[in-house]
>>> print(open('input_8.cif').read())   # mmCIF, C-alpha atoms
data_query
#
loop_
_atom_site.label_atom_id
_atom_site.label_comp_id
_atom_site.auth_asym_id
_atom_site.auth_seq_id
_atom_site.Cartn_x
_atom_site.Cartn_y
_atom_site.Cartn_z
CA MET A 1 121.70 188.29 -45.11
CA VAL A 2 122.14 191.76 -46.64
CA LYS A 3 125.68 191.86 -45.30
CA GLU A 4 126.43 188.44 -46.78
CA ILE A 5 125.14 189.56 -50.16
CA TRP A 6 127.23 192.72 -50.00
CA LEU A 7 130.39 190.77 -49.13
CA LEU A 8 129.72 188.27 -51.91
CA LEU A 9 129.25 191.13 -54.36
CA LEU A 10 132.61 192.57 -53.29
CA LYS A 11 134.17 189.14 -53.73
CA GLU A 12 132.72 188.85 -57.25
CA TRP A 13 134.07 192.25 -58.12
CA LYS A 14 137.54 191.42 -56.81
CA GLU A 15 137.60 188.17 -58.75
CA GLU A 16 136.52 190.03 -61.84
CA TRP A 17 139.24 192.61 -61.30
CA ASN A 18 141.88 189.89 -60.87
CA LYS A 19 140.78 188.26 -64.10
CA ARG A 20 140.42 191.39 -66.14
CA TYR A 21 141.02 189.51 -69.37
CA ALA A 22 137.56 187.89 -69.13
CA MET A 23 135.74 191.21 -68.94
CA ASN A 24 138.01 192.80 -71.55
CA GLY A 25 137.37 189.80 -73.77
CA ILE A 26 133.62 190.35 -73.63
CA LEU A 27 133.97 194.07 -74.33
CA LEU A 28 136.22 193.34 -77.29
CA TYR A 29 133.68 190.74 -78.42
CA THR A 30 130.85 193.30 -78.50
CA GLY A 31 133.06 195.84 -80.24
CA SER A 32 134.21 193.43 -82.91
CA VAL A 33 130.71 192.05 -83.52
CA SER A 34 129.41 195.61 -84.02
CA PHE A 35 132.24 196.21 -86.46
CA ILE A 36 131.56 192.97 -88.32
CA CYS A 37 127.90 194.00 -88.68
CA TYR A 38 128.98 197.39 -89.94
CA LEU A 39 131.31 195.89 -92.55
CA SER A 40 128.77 193.27 -93.60
CA PHE A 41 125.99 195.80 -94.12
CA GLN A 42 128.32 198.16 -95.97
CA LEU A 43 127.83 195.90 -98.95
CA ARG A 44 124.47 197.55 -99.58
CA SER A 45 124.30 201.01 -98.11
CA GLY A 46 120.97 202.20 -96.77
CA ALA A 47 119.65 198.65 -96.57
CA LEU A 48 119.21 198.71 -92.81
CA GLN A 49 115.69 199.59 -91.65
CA PRO A 50 115.17 200.85 -88.07
CA VAL A 51 113.49 197.55 -87.17
CA THR A 52 116.47 195.55 -88.43
CA TRP A 53 118.84 197.95 -86.67
CA ASN A 54 117.03 197.38 -83.37
CA VAL A 55 116.78 193.59 -83.68
CA LEU A 56 120.44 193.30 -84.68
CA PHE A 57 121.44 195.35 -81.64
CA TRP A 58 119.46 193.09 -79.30
CA ILE A 59 120.89 189.93 -80.83
CA ILE A 60 124.43 191.24 -80.23
CA VAL A 61 123.46 192.13 -76.64
CA LEU A 62 121.86 188.69 -76.16
CA PHE A 63 125.00 186.83 -77.18
CA SER A 64 127.31 189.08 -75.19
CA ILE A 65 125.22 188.65 -72.03
CA LEU A 66 125.06 184.91 -72.62
CA ASN A 67 128.86 184.82 -72.80
CA ALA A 68 129.19 186.93 -69.66
CA ALA A 69 126.59 185.07 -67.56
CA HIS A 70 128.15 181.83 -68.69
CA LYS A 71 131.18 182.16 -66.44
CA SER A 72 129.26 182.90 -63.23
CA PHE A 73 129.22 179.24 -62.21
CA ILE A 74 131.13 177.41 -64.93
CA GLY A 75 134.81 177.17 -64.16
CA GLN A 76 134.50 177.25 -60.39
CA THR A 77 136.26 174.33 -58.75
CA ASP A 78 134.45 171.93 -56.41
CA GLY A 79 136.65 172.95 -53.51
CA HIS A 80 135.80 176.60 -54.03
CA GLN A 81 132.08 175.79 -54.01
CA LEU A 82 132.36 173.61 -50.92
CA TYR A 83 134.16 176.41 -49.12
CA LEU A 84 131.42 178.89 -50.02
CA HIS A 85 128.80 176.32 -49.02
CA THR A 86 130.15 176.18 -45.47
CA LEU A 87 130.28 179.97 -45.15
CA VAL A 88 127.06 181.44 -46.56
CA SER A 89 123.49 180.43 -47.33
CA ALA A 90 122.46 179.41 -50.84
CA GLU A 91 119.96 182.26 -51.09
CA SER A 92 122.62 184.92 -50.61
CA ILE A 93 124.79 183.27 -53.24
CA ILE A 94 122.09 183.24 -55.89
CA LEU A 95 120.90 186.75 -55.00
CA SER A 96 124.42 188.17 -55.13
CA LYS A 97 125.14 186.40 -58.42
CA MET A 98 121.87 187.70 -59.86
CA ILE A 99 122.58 191.27 -58.83
CA TYR A 100 126.13 191.00 -60.08
CA ASN A 101 125.11 189.48 -63.42
CA GLY A 102 122.38 192.07 -63.79
CA LEU A 103 124.78 194.97 -63.23
CA LEU A 104 127.39 193.40 -65.50
CA SER A 105 124.77 192.96 -68.22
CA ILE A 106 123.77 196.62 -67.95
CA ILE A 107 127.40 197.65 -68.46
CA ILE A 108 127.76 195.27 -71.40
CA ALA A 109 124.54 196.52 -73.00
CA LEU A 110 125.56 200.16 -72.62
CA VAL A 111 129.04 199.55 -74.02
CA THR A 112 127.51 197.58 -76.88
CA PHE A 113 125.13 200.46 -77.56
CA LEU A 114 128.02 202.93 -77.68
CA SER A 115 130.10 200.88 -80.06
CA TYR A 116 127.09 199.89 -82.14
CA ALA A 117 125.76 203.45 -82.41
CA LEU A 118 129.26 204.66 -83.26
CA VAL A 119 129.71 202.45 -86.31
CA MET A 120 126.10 201.87 -87.39
CA GLY A 121 124.72 205.32 -86.55
CA SER A 122 121.67 205.73 -84.34
CA ASP A 123 118.25 207.14 -85.06
CA VAL A 124 116.69 206.87 -81.59
CA LYS A 125 114.00 209.51 -81.09
CA ASN A 126 112.96 208.95 -77.47
CA MET A 127 116.33 208.41 -75.79
CA SER A 128 115.02 208.08 -72.22
CA LEU A 129 112.52 205.35 -73.10
CA TYR A 130 115.10 203.54 -75.24
CA PHE A 131 117.72 203.60 -72.50
CA PHE A 132 115.20 202.53 -69.90
CA GLY A 133 114.40 199.57 -72.14
CA VAL A 134 118.09 198.75 -72.58
CA ILE A 135 118.81 198.91 -68.85
CA LEU A 136 115.73 196.99 -67.74
CA GLY A 137 116.07 194.42 -70.50
CA SER A 138 119.72 193.64 -69.89
CA LEU A 139 119.13 193.54 -66.12
CA SER A 140 116.40 190.94 -66.48
CA MET A 141 118.33 188.92 -69.08
CA GLY A 142 121.43 188.79 -66.90
CA SER A 143 119.56 187.78 -63.77
CA ALA A 144 117.42 185.20 -65.59
CA LEU A 145 120.54 183.49 -66.95
CA THR A 146 122.07 183.03 -63.49
CA LEU A 147 120.06 179.92 -62.61
CA VAL A 148 120.55 178.50 -66.11
CA SER A 149 124.29 178.94 -65.70
CA SER A 150 124.25 177.08 -62.38
CA ILE A 151 122.29 174.22 -63.97
CA ALA A 152 124.54 174.03 -67.02
CA ALA A 153 127.68 174.07 -64.87
CA ARG A 154 126.75 170.66 -63.42
CA ALA A 155 126.90 168.87 -66.76
CA GLN A 156 129.53 168.16 -69.35
CA ASN A 157 129.20 170.26 -72.47
CA ALA A 158 128.19 173.23 -70.34
CA HIS A 159 128.61 175.65 -73.24
CA VAL A 160 126.06 173.97 -75.48
CA LEU A 161 123.63 173.40 -72.60
CA MET A 162 123.83 177.04 -71.59
CA SER A 163 122.52 178.14 -74.97
CA ILE A 164 119.81 175.55 -75.39
CA LEU A 165 118.49 176.03 -71.85
CA GLY A 166 118.86 179.80 -71.96
CA PHE A 167 117.30 180.78 -75.29
CA PRO A 168 113.73 179.59 -74.73
CA ILE A 169 113.73 181.19 -71.28
CA LEU A 170 115.08 184.48 -72.58
CA LEU A 171 112.67 184.63 -75.49
CA PRO A 172 109.71 186.33 -73.74
CA ILE A 173 112.10 188.90 -72.25
CA LEU A 174 113.78 189.49 -75.60
CA LEU A 175 110.51 190.00 -77.47
CA LEU A 176 109.16 192.39 -74.83
CA VAL A 177 112.36 194.40 -74.77
CA ILE A 178 112.49 194.64 -78.57
CA LYS A 179 108.93 195.95 -78.45
CA ILE A 180 109.76 198.54 -75.77
CA SER A 181 112.92 199.74 -77.50
CA LYS A 182 111.06 199.92 -80.82
CA PHE A 183 108.71 202.43 -79.18
CA GLY A 184 111.74 204.41 -78.00
CA LEU A 185 113.26 204.20 -81.46
CA ASP A 186 110.10 205.58 -83.07
CA GLY A 187 109.91 208.39 -80.51
CA LEU A 188 106.60 207.35 -79.01
CA ALA A 189 105.61 208.66 -75.58
CA TRP A 190 106.08 206.70 -72.36
CA GLU A 191 102.45 205.68 -72.00
CA PHE A 192 102.70 203.43 -75.08
CA GLY A 193 105.60 201.54 -73.58
CA SER A 194 104.43 201.33 -70.00
CA PRO A 195 102.11 198.26 -70.30
CA TYR A 196 105.01 196.32 -71.82
CA ILE A 197 107.37 197.59 -69.12
CA TRP A 198 105.02 196.26 -66.44
CA MET A 199 104.74 192.98 -68.30
CA LEU A 200 108.54 192.74 -68.49
CA LEU A 201 108.82 193.46 -64.75
CA ALA A 202 106.23 190.77 -64.00
CA VAL A 203 108.01 188.17 -66.17
CA THR A 204 111.35 189.02 -64.54
CA MET A 205 109.82 188.72 -61.08
CA ILE A 206 108.33 185.29 -61.87
CA ILE A 207 111.59 183.95 -63.32
CA ASN A 208 113.78 185.33 -60.53
CA THR A 209 111.53 184.24 -57.68
CA THR A 210 111.44 180.70 -59.09
CA ALA A 211 115.22 180.81 -59.44
CA VAL A 212 115.75 181.83 -55.80
CA VAL A 213 113.39 179.08 -54.58
CA LEU A 214 115.03 176.39 -56.72
CA PHE A 215 118.69 177.30 -56.38
CA PRO A 216 119.30 175.67 -52.94
CA TYR A 217 118.45 172.26 -54.46
CA ILE A 218 120.97 172.70 -57.26
CA TRP A 219 123.58 174.11 -54.90
CA LYS A 220 123.37 171.10 -52.59
CA SER A 221 124.20 168.56 -55.29
CA MET M 1 100.86 157.98 -59.47
CA LYS M 2 99.69 154.91 -57.61
CA LYS M 3 96.89 156.97 -56.09
CA ILE M 4 94.42 156.03 -58.81
CA LYS M 5 93.84 152.33 -58.28
CA GLY M 6 92.04 149.84 -60.44
CA LYS M 7 91.22 149.75 -64.09
CA GLY M 8 88.08 151.89 -63.96
CA TRP M 9 89.74 155.02 -65.26
CA LYS M 10 91.28 153.16 -68.18
CA LEU M 11 87.82 151.96 -69.18
CA LEU M 12 86.54 155.52 -68.76
CA CYS M 13 89.36 156.76 -70.99
CA ILE M 14 88.52 154.26 -73.76
CA ILE M 15 84.79 155.03 -73.58
CA LEU M 16 85.37 158.78 -73.61
CA LEU M 17 87.72 158.58 -76.58
CA ILE M 18 85.36 156.38 -78.61
CA TYR M 19 82.62 158.88 -77.77
CA THR M 20 84.91 161.77 -78.76
CA ILE M 21 85.80 160.27 -82.11
CA LEU M 22 82.23 159.28 -83.00
CA GLY M 23 80.60 162.40 -81.53
CA GLY M 24 83.30 164.72 -82.79
CA LEU M 25 82.88 163.51 -86.36
CA LEU M 26 79.13 162.92 -86.50
CA PHE M 27 77.30 165.43 -84.27
CA ASP M 28 75.86 168.67 -85.60
CA VAL M 29 78.21 171.64 -85.46
CA PRO M 30 77.48 175.36 -85.83
CA ARG M 31 78.22 176.86 -89.26
CA LEU M 32 80.78 179.65 -88.95
CA PRO M 33 82.42 181.50 -91.84
CA ILE M 34 85.88 180.18 -92.86
CA LEU M 35 85.80 177.47 -90.19
CA ASN M 36 82.87 175.45 -91.57
CA GLU M 37 83.35 171.76 -90.85
CA THR M 38 86.92 172.27 -89.63
CA ILE M 39 85.43 173.45 -86.34
CA ARG M 40 85.54 169.75 -85.45
CA ALA M 41 89.29 170.23 -84.95
CA LEU M 42 88.26 171.64 -81.58
CA HIS M 43 87.95 168.10 -80.23
CA PHE M 44 91.25 166.87 -81.61
CA HIS M 45 93.54 169.91 -81.67
CA VAL M 46 92.49 172.25 -78.85
CA THR M 47 92.18 169.32 -76.45
CA MET M 48 95.86 168.50 -77.12
CA TRP M 49 96.81 171.85 -75.57
CA PHE M 50 94.64 171.33 -72.52
CA GLY M 51 96.11 167.85 -72.18
CA MET M 52 99.67 169.16 -72.57
CA ILE M 53 99.26 171.86 -69.93
CA ILE M 54 97.62 169.46 -67.46
CA LEU M 55 100.28 166.77 -68.03
CA LEU M 56 103.18 169.22 -67.75
CA GLY M 57 101.59 170.64 -64.60
CA ALA M 58 101.39 167.12 -63.17
CA SER M 59 105.03 166.61 -64.15
CA MET M 60 105.99 169.79 -62.29
CA TYR M 61 104.01 168.60 -59.26
CA HIS M 62 105.97 165.34 -59.22
CA SER M 63 109.25 167.27 -59.54
CA VAL M 64 108.29 169.32 -56.48
CA ARG M 65 107.52 166.11 -54.63
CA TYR M 66 110.88 164.70 -55.68
CA LEU M 67 112.75 167.74 -54.36
CA ARG M 68 110.83 167.53 -51.08
CA SER M 69 111.31 163.81 -50.53
CA GLY M 70 114.34 162.73 -52.57
CA ALA M 71 112.62 159.52 -53.71
CA LEU M 72 113.66 158.64 -57.25
CA LYS M 73 110.24 157.25 -58.17
CA TYR M 74 108.77 160.78 -58.22
CA ASP M 75 111.44 161.83 -60.66
CA MET M 76 110.58 158.90 -62.91
CA HIS M 77 106.93 159.97 -62.85
CA ALA M 78 107.92 163.55 -63.57
CA SER M 79 110.03 162.68 -66.60
CA ALA M 80 107.44 160.22 -67.92
CA LEU M 81 104.69 162.86 -67.59
CA ALA M 82 106.90 165.49 -69.24
CA GLN M 83 107.47 163.04 -72.08
CA SER M 84 103.78 162.48 -72.71
CA GLY M 85 103.14 166.23 -72.30
CA LEU M 86 105.77 166.85 -74.96
CA LEU M 87 104.13 164.24 -77.20
CA PHE M 88 100.80 166.09 -76.82
CA GLY M 89 102.54 169.38 -77.60
CA ILE M 90 104.03 167.98 -80.81
CA LEU M 91 100.66 166.46 -81.78
CA GLY M 92 99.03 169.82 -81.06
CA VAL M 93 101.45 171.60 -83.40
CA VAL M 94 101.06 168.95 -86.11
CA THR M 95 97.25 168.89 -85.97
CA GLY M 96 97.27 172.69 -85.86
CA MET M 97 99.49 172.89 -88.95
CA PHE M 98 97.25 170.46 -90.78
CA TRP M 99 94.21 172.57 -89.90
CA ALA M 100 95.96 175.84 -90.72
CA LYS M 101 96.88 174.56 -94.19
CA TYR M 102 93.17 174.52 -95.09
CA THR M 103 91.91 177.57 -93.18
CA TRP M 104 94.82 180.03 -93.22
CA GLY M 105 96.37 178.76 -96.43
CA GLU M 106 99.76 177.85 -95.00
CA PRO M 107 100.86 175.35 -92.38
CA TRP M 108 103.05 177.91 -90.60
CA SER M 109 101.75 181.47 -90.63
CA SER M 110 103.97 182.86 -87.87
CA ASP M 111 100.96 183.04 -85.59
CA PRO M 112 102.04 184.02 -82.04
CA LYS M 113 100.43 180.93 -80.55
CA GLN M 114 102.22 178.70 -83.04
CA ASN M 115 105.52 180.36 -82.18
CA ALA M 116 104.90 180.06 -78.44
CA ALA M 117 104.11 176.39 -78.90
CA ALA M 118 107.33 175.84 -80.82
CA VAL M 119 109.37 177.56 -78.11
CA GLY M 120 107.60 175.52 -75.42
CA ILE M 121 108.53 172.33 -77.25
CA ILE M 122 112.17 173.46 -77.51
CA MET M 123 112.13 174.14 -73.75
CA TYR M 124 111.06 170.60 -72.94
CA LEU M 125 113.39 169.05 -75.53
CA ALA M 126 116.17 170.91 -73.69
CA TYR M 127 114.93 169.25 -70.48
CA PHE M 128 115.56 165.81 -71.96
CA ILE M 129 118.95 166.84 -73.35
CA LEU M 130 119.90 168.15 -69.89
CA ARG M 131 118.87 164.85 -68.32
CA SER M 132 120.89 162.81 -70.77
CA ALA M 133 123.92 165.07 -70.21
CA LEU M 134 124.07 164.22 -66.49
CA GLU M 135 125.55 160.89 -65.44
CA ASP M 136 124.84 160.43 -61.73
CA PRO M 137 121.20 159.35 -61.21
CA GLN M 138 120.63 161.47 -58.08
CA GLN M 139 122.17 164.53 -59.69
CA LYS M 140 120.23 163.91 -62.90
CA ALA M 141 117.00 163.72 -60.92
CA ARG M 142 117.70 166.76 -58.76
CA ILE M 143 118.85 169.12 -61.51
CA GLY M 144 116.25 167.77 -63.92
CA ALA M 145 113.54 168.45 -61.34
CA ALA M 146 114.79 171.98 -60.71
CA TYR M 147 114.85 172.74 -64.44
CA ASN M 148 111.44 171.16 -64.93
CA ILE M 149 109.87 173.48 -62.35
CA PHE M 150 111.76 176.46 -63.76
CA ALA M 151 110.65 175.61 -67.31
CA TYR M 152 107.00 175.37 -66.29
CA PHE M 153 107.13 178.78 -64.66
CA CYS M 154 108.77 180.19 -67.80
CA LEU M 155 106.21 178.48 -70.03
CA ILE M 156 103.29 180.27 -68.35
CA PRO M 157 104.52 183.83 -69.14
CA LEU M 158 105.46 182.61 -72.61
CA LEU M 159 101.94 181.39 -73.36
CA PHE M 160 100.59 184.51 -71.68
CA VAL M 161 102.91 187.16 -73.14
CA LEU M 162 103.50 186.23 -76.78
CA PRO M 163 99.86 186.20 -77.97
CA ARG M 164 99.42 189.68 -76.49
CA LEU M 165 102.22 191.25 -78.52
CA THR M 166 100.43 190.77 -81.85
CA ASP M 167 96.96 189.68 -82.87
CA SER M 168 96.58 185.98 -83.26
CA LEU M 169 94.93 184.38 -86.29
CA HIS M 170 93.36 181.81 -84.00
CA PRO M 171 89.58 181.66 -83.83
CA GLY M 172 88.34 183.90 -81.05
CA ASN M 173 91.32 186.31 -81.33
CA GLY M 174 91.59 189.60 -83.15
CA GLY M 175 87.94 189.65 -84.24
CA ASN M 176 88.02 186.21 -85.85
CA PRO M 177 84.94 184.07 -85.35
CA GLY M 178 85.68 181.71 -82.53
CA PHE M 179 84.52 179.52 -79.76
CA ASN M 180 83.88 182.13 -77.07
CA ALA M 181 80.92 182.27 -74.75
CA TYR M 182 78.15 182.46 -77.32
CA ASP M 183 79.87 180.64 -80.16
CA LEU M 184 80.79 177.54 -78.25
CA ASP M 185 77.29 176.15 -78.25
CA GLY M 186 75.89 173.11 -76.49
CA ASN M 187 76.60 170.71 -79.34
CA LEU M 188 80.31 171.41 -79.19
CA ARG M 189 80.54 171.47 -75.42
CA VAL M 190 78.92 168.09 -75.10
CA VAL M 191 81.92 166.58 -76.88
CA PHE M 192 84.65 169.10 -75.98
CA TYR M 193 84.75 168.64 -72.20
CA PRO M 194 84.66 164.82 -72.25
CA ALA M 195 87.33 164.97 -74.98
CA ILE M 196 89.69 166.94 -72.71
CA ILE M 197 89.25 164.36 -69.95
CA GLY M 198 89.62 161.45 -72.37
CA TRP M 199 92.81 162.67 -74.03
CA THR M 200 94.37 163.69 -70.71
CA LEU M 201 93.66 160.24 -69.27
CA LEU M 202 95.26 158.70 -72.36
CA GLY M 203 98.38 160.80 -71.83
CA TYR M 204 98.43 159.82 -68.18
CA TRP M 205 98.08 156.17 -69.15
CA ILE M 206 101.06 156.42 -71.53
CA ALA M 207 103.02 158.12 -68.74
CA THR M 208 102.29 155.35 -66.20
CA ILE M 209 103.53 152.73 -68.67
CA SER M 210 106.71 154.58 -69.53
CA SER M 211 107.30 155.29 -65.84
CA ARG M 212 107.07 151.55 -65.15
CA ILE M 213 109.54 150.84 -67.96
CA ARG M 214 111.94 153.33 -66.39
CA LYS M 215 111.57 151.62 -63.04
CA LEU M 216 112.49 148.27 -64.62
CA ALA M 217 115.58 149.78 -66.19
CA VAL M 218 117.19 150.69 -62.84
CA PRO M 219 118.52 148.17 -60.29
CA ASN M 220 116.12 146.79 -57.66
CA ASP M 221 117.13 148.89 -54.67
CA HIS M 222 115.16 151.95 -55.82
#
>>> encode(input="input_8.cif", output="structure tokens")
Amino acid sequence: MVKEIWLLLLKEWKEEWNKRYAMNGILLYTGSVSFICYLSFQLRSGALQPVTWNVLFWIIVLFSILNAAHKSFIGQTDGHQLYLHTLVSAESIILSKMIYNGLLSIIIALVTFLSYALVMGSDVKNMSLYFFGVILGSLSMGSALTLVSSIAARAQNAHVLMSILGFPILLPILLLVIKISKFGLDGLAWEFGSPYIWMLLAVTMIINTTAVVLFPYIWKS
Amino acid sequence: MKKIKGKGWKLLCIILLIYTILGGLLFDVPRLPILNETIRALHFHVTMWFGMIILLGASMYHSVRYLRSGALKYDMHASALAQSGLLFGILGVVTGMFWAKYTWGEPWSSDPKQNAAAVGIIMYLAYFILRSALEDPQQKARIGAAYNIFAYFCLIPLLFVLPRLTDSLHPGNGGNPGFNAYDLDGNLRVVFYPAIIGWTLLGYWIATISSRIRKLAVPNDH
């Protein structure tokens, strides 16, 4: 099982490397959105409060992760899926996709933070708490979207479905993570953030466990 | 859903609802500041939420049974129950907005419970859009069932997390007078508990009818 997951992760990485344009596209997307925000807010300098800064950052991250998680099942041919179906169990597929999406989302969130902080400036006072929030939040967003992507891939209009199915599910995660990173932004100590971090971990566990249990039924159809 | 035979429960539902409406409007209620007579909304608004959660839970149960057995009738029950649960959710929001207009001053005060309710409704509307986007009946049932279970498990943290992030304006939260242990006195309880059962049975009744309509719409072999 562990070996299967490892091999599937390698396969994902190789596919990603062969289709570098997809990953580059997402990185360019985050960069250009940050720049658009910068230019739009230039109209009134000093208008951006720390709260707005934080929320805007998370909305950019949310859309970038949604775009990235989107392609994890959509676009795979039936033959490809049938081939995988005969080789490995459904659980290893969903687990490997979740891990992969989670790691990819962390990279996207960090790159977004770099480009966003570069153009918009950053005023984060407790860097370690903020980054912990960014990493944990993007990890749980990416993994939570994996099952949604597999559901949306079965229907026509997968792009629209992905958003409408994904947003309500991501909302508790998004609100918790905005709360945690707000603490980091204000330079509060870790003990203020820790109850919310536990809550975020619990929500992620619930969503991901349900996803692993349900995925075999979606995979079969 | 065929487990409950006979018409007894329908009679029980009608009697309980007549009792709820008469008792809810006429019995004595405790005088609390701000709430005053609007405390009677307990029997018509709060019960909608209990009904919604019970009906959506039943819908999830039928989805699990569908995935275990593959019989389409369970999926029809699940979607009919989700539909009446959604109806109760919308009624809960509407009655809540009506009540909030007179106690909080505005129909929508960005209360965390209101927001959670709105997101929950969006989640189940997405369920019906997903179902209509799939053509093949077996695939529609299977993926719909999987999403239904997933949505229920996401709804629980949503209802559990959001109200804890900020204080709610709802009675009983954030130091507001409410219906907790000592406030919810005998006079209210005598109507409140039967009202939950009555409204839930009504929702179940609606679901059985719409499930039967669905069954008629598909060819005989199912």
>>> closest_residue(input="input_8.cif", among="A:Ser105, A:Trp13, A:Met127, A:Val134", to="His70 of chain A", atoms="all atoms listed in the file")
A:Ser105
>>> closest_atom_pairs(input="input_8.cif", of="chain M", to="chain A", cutoff="12 Å", atoms="only C-alpha atoms", output="Markdown table")
| residue | atom | partner | partner_atom | distance |
| --- | --- | --- | --- | --- |
| M:Ser63 | CA | A:Leu214 | CA | 11.2 |
| M:Val64 | CA | A:Leu214 | CA | 9.8 |
| M:Tyr66 | CA | A:Tyr217 | CA | 10.8 |
| M:Leu67 | CA | A:Tyr217 | CA | 7.3 |
| M:Arg68 | CA | A:Tyr217 | CA | 9.6 |
| M:Ser69 | CA | A:Tyr217 | CA | 11.7 |
| M:Gly70 | CA | A:Tyr217 | CA | 10.5 |
| M:Pro112 | CA | A:Leu175 | CA | 11.3 |
| M:Asn115 | CA | A:Leu171 | CA | 10.7 |
| M:Ala116 | CA | A:Pro172 | CA | 9.2 |
| M:Ala117 | CA | A:Pro168 | CA | 11.0 |
| M:Ala118 | CA | A:Pro168 | CA | 9.6 |
| M:Val119 | CA | A:Pro168 | CA | 5.9 |
| M:Gly120 | CA | A:Pro168 | CA | 7.4 |
| M:Ile121 | CA | A:Pro168 | CA | 9.3 |
| M:Ile122 | CA | A:Pro168 | CA | 6.9 |
| M:Met123 | CA | A:Pro168 | CA | 5.8 |
| M:Tyr124 | CA | A:Leu165 | CA | 9.3 |
| M:Leu125 | CA | A:Ile164 | CA | 9.1 |
| M:Ala126 | CA | A:Leu165 | CA | 5.9 |
| M:Tyr127 | CA | A:Leu165 | CA | 7.8 |
| M:Phe128 | CA | A:Leu165 | CA | 10.6 |
| M:Ile129 | CA | A:Leu161 | CA | 8.1 |
| M:Leu130 | CA | A:Leu161 | CA | 7.0 |
| M:Arg131 | CA | A:Ala155 | CA | 9.1 |
| M:Ser132 | CA | A:Ala155 | CA | 9.4 |
| M:Ala133 | CA | A:Ala155 | CA | 5.9 |
| M:Leu134 | CA | A:Ala155 | CA | 5.5 |
| M:Glu135 | CA | A:Ala155 | CA | 8.2 |
| M:Asp136 | CA | A:Ala155 | CA | 10.0 |
| M:Pro137 | CA | A:Ser221 | CA | 11.4 |
| M:Gln138 | CA | A:Ser221 | CA | 8.4 |
| M:Gln139 | CA | A:Ser221 | CA | 6.3 |
| M:Lys140 | CA | A:Ala155 | CA | 9.2 |
| M:Ala141 | CA | A:Ser221 | CA | 10.3 |
| M:Arg142 | CA | A:Ile218 | CA | 6.9 |
| M:Ile143 | CA | A:Ile218 | CA | 5.9 |
| M:Gly144 | CA | A:Ile151 | CA | 8.8 |
| M:Ala145 | CA | A:Tyr217 | CA | 9.3 |
| M:Ala146 | CA | A:Leu214 | CA | 6.0 |
| M:Tyr147 | CA | A:Ile151 | CA | 7.6 |
| M:Asn148 | CA | A:Leu214 | CA | 10.4 |
| M:Ile149 | CA | A:Thr210 | CA | 8.1 |
| M:Phe150 | CA | A:Thr210 | CA | 6.3 |
| M:Ala151 | CA | A:Ile169 | CA | 7.5 |
| M:Tyr152 | CA | A:Thr210 | CA | 10.0 |
| M:Phe153 | CA | A:Ile207 | CA | 7.0 |
| M:Cys154 | CA | A:Ile169 | CA | 6.1 |
| M:Leu155 | CA | A:Ile169 | CA | 8.1 |
| M:Ile156 | CA | A:Val203 | CA | 9.5 |
| M:Pro157 | CA | A:Val203 | CA | 6.3 |
| M:Leu158 | CA | A:Pro172 | CA | 5.8 |
| M:Leu159 | CA | A:Pro172 | CA | 9.2 |
| M:Phe160 | CA | A:Pro172 | CA | 9.5 |
| M:Val161 | CA | A:Pro172 | CA | 6.9 |
| M:Leu162 | CA | A:Pro172 | CA | 6.9 |
| M:Pro163 | CA | A:Pro172 | CA | 10.7 |
| M:Arg164 | CA | A:Tyr196 | CA | 9.9 |
| M:Leu165 | CA | A:Leu176 | CA | 7.9 |
| M:Thr166 | CA | A:Lys179 | CA | 10.5 |
>>> residues_around(input="input_8.cif", residues="Val61 of chain A", least_positions_apart="2", cutoff="9 Å", atoms="all atoms listed in the file", output="ChimeraX atom specification")
/A:30,56-59,63-66,105,108-109,112-113,138
>>> resolve_selection(input="input_8.cif", expression="the PyMOL selection byres ((chain M and resi 79) around 10)", output="list in words")
Leu56, Ser59, Met60, His62, Ser63, Tyr74, Asp75, Met76, His77, Ala78, Ala80, Leu81, Ala82, Gln83, Ser84, Gly85, Tyr127, Phe128, Arg131, Ala141, Gly144, Ala145, Asn148, Ala207, Ser210, Ser211 and Arg214 of chain M
>>> residues_around(input="input_8.cif", residues="Phe132 of chain A", least_positions_apart="3", cutoff="10 Å", atoms="only C-alpha atoms", output="number ranges by chain")
A: 127-129, 135-138, 177, 180-181, 184, 197
>>> atom_distance(input="input_8.cif", atom1="atom CA of Val2 of chain A", atom2="atom CA of Arg20 of chain A")
26.7 Å
>>> resolve_selection(input="input_8.cif", expression="the PyMOL selection byres ((chain A and resi 68) around 12)", output="PyMOL selection string")
chain A and resi 16+22-27+29-30+61-67+69-74+97+100-109+138+141-143+145-146+149+159+162
>>> atom_distance(input="input_8.cif", atom1="atom CA of Asp111 of chain M", atom2="atom CA of Gly198 of chain M")
27.7 Å
>>> atom_distance(input="input_8.cif", atom1="atom CA of Leu28 of chain A", atom2="atom CA of Gly121 of chain A")
19.0 Å
>>> resolve_selection(input="input_8.cif", expression="the PyMOL selection byres ((chain A and resi 38) around 12)", output="PyMOL selection string")
chain A and resi 31-37+39-48+53+56-57+115-121
>>> closest_residue(input="input_8.cif", among="A:Val160, A:Leu139, A:Met1, A:Leu8", to="Leu174 of chain A", atoms="all atoms listed in the file")
A:Leu139
>>> residues_around(input="input_8.cif", residues="segment 10-24 of chain M", least_positions_apart="6", cutoff="9 Å", atoms="all atoms listed in the file", output="VMD selection string")
chain M and resid 40 to 44 188 190 to 192 194 to 195 197 to 202 205
>>> decode(input="input_8.cif", residues="segment 97-103 of chain A", atoms="C-alpha atoms", output="compact mmCIF listing (two decimals), in the first residue's frame")
# COMPACT_ATOMS: atom_id res chain seq x y z
CA LYS A 97 -3.73 12.33 -5.16
CA MET A 98 -4.49 13.95 -1.80
CA ILE A 99 -0.85 14.02 -0.76
CA TYR A 100 0.17 15.28 -4.16
CA ASN A 101 -2.50 18.00 -4.24
CA GLY A 102 -1.62 18.99 -0.69
CA LEU A 103 2.07 19.39 -1.50
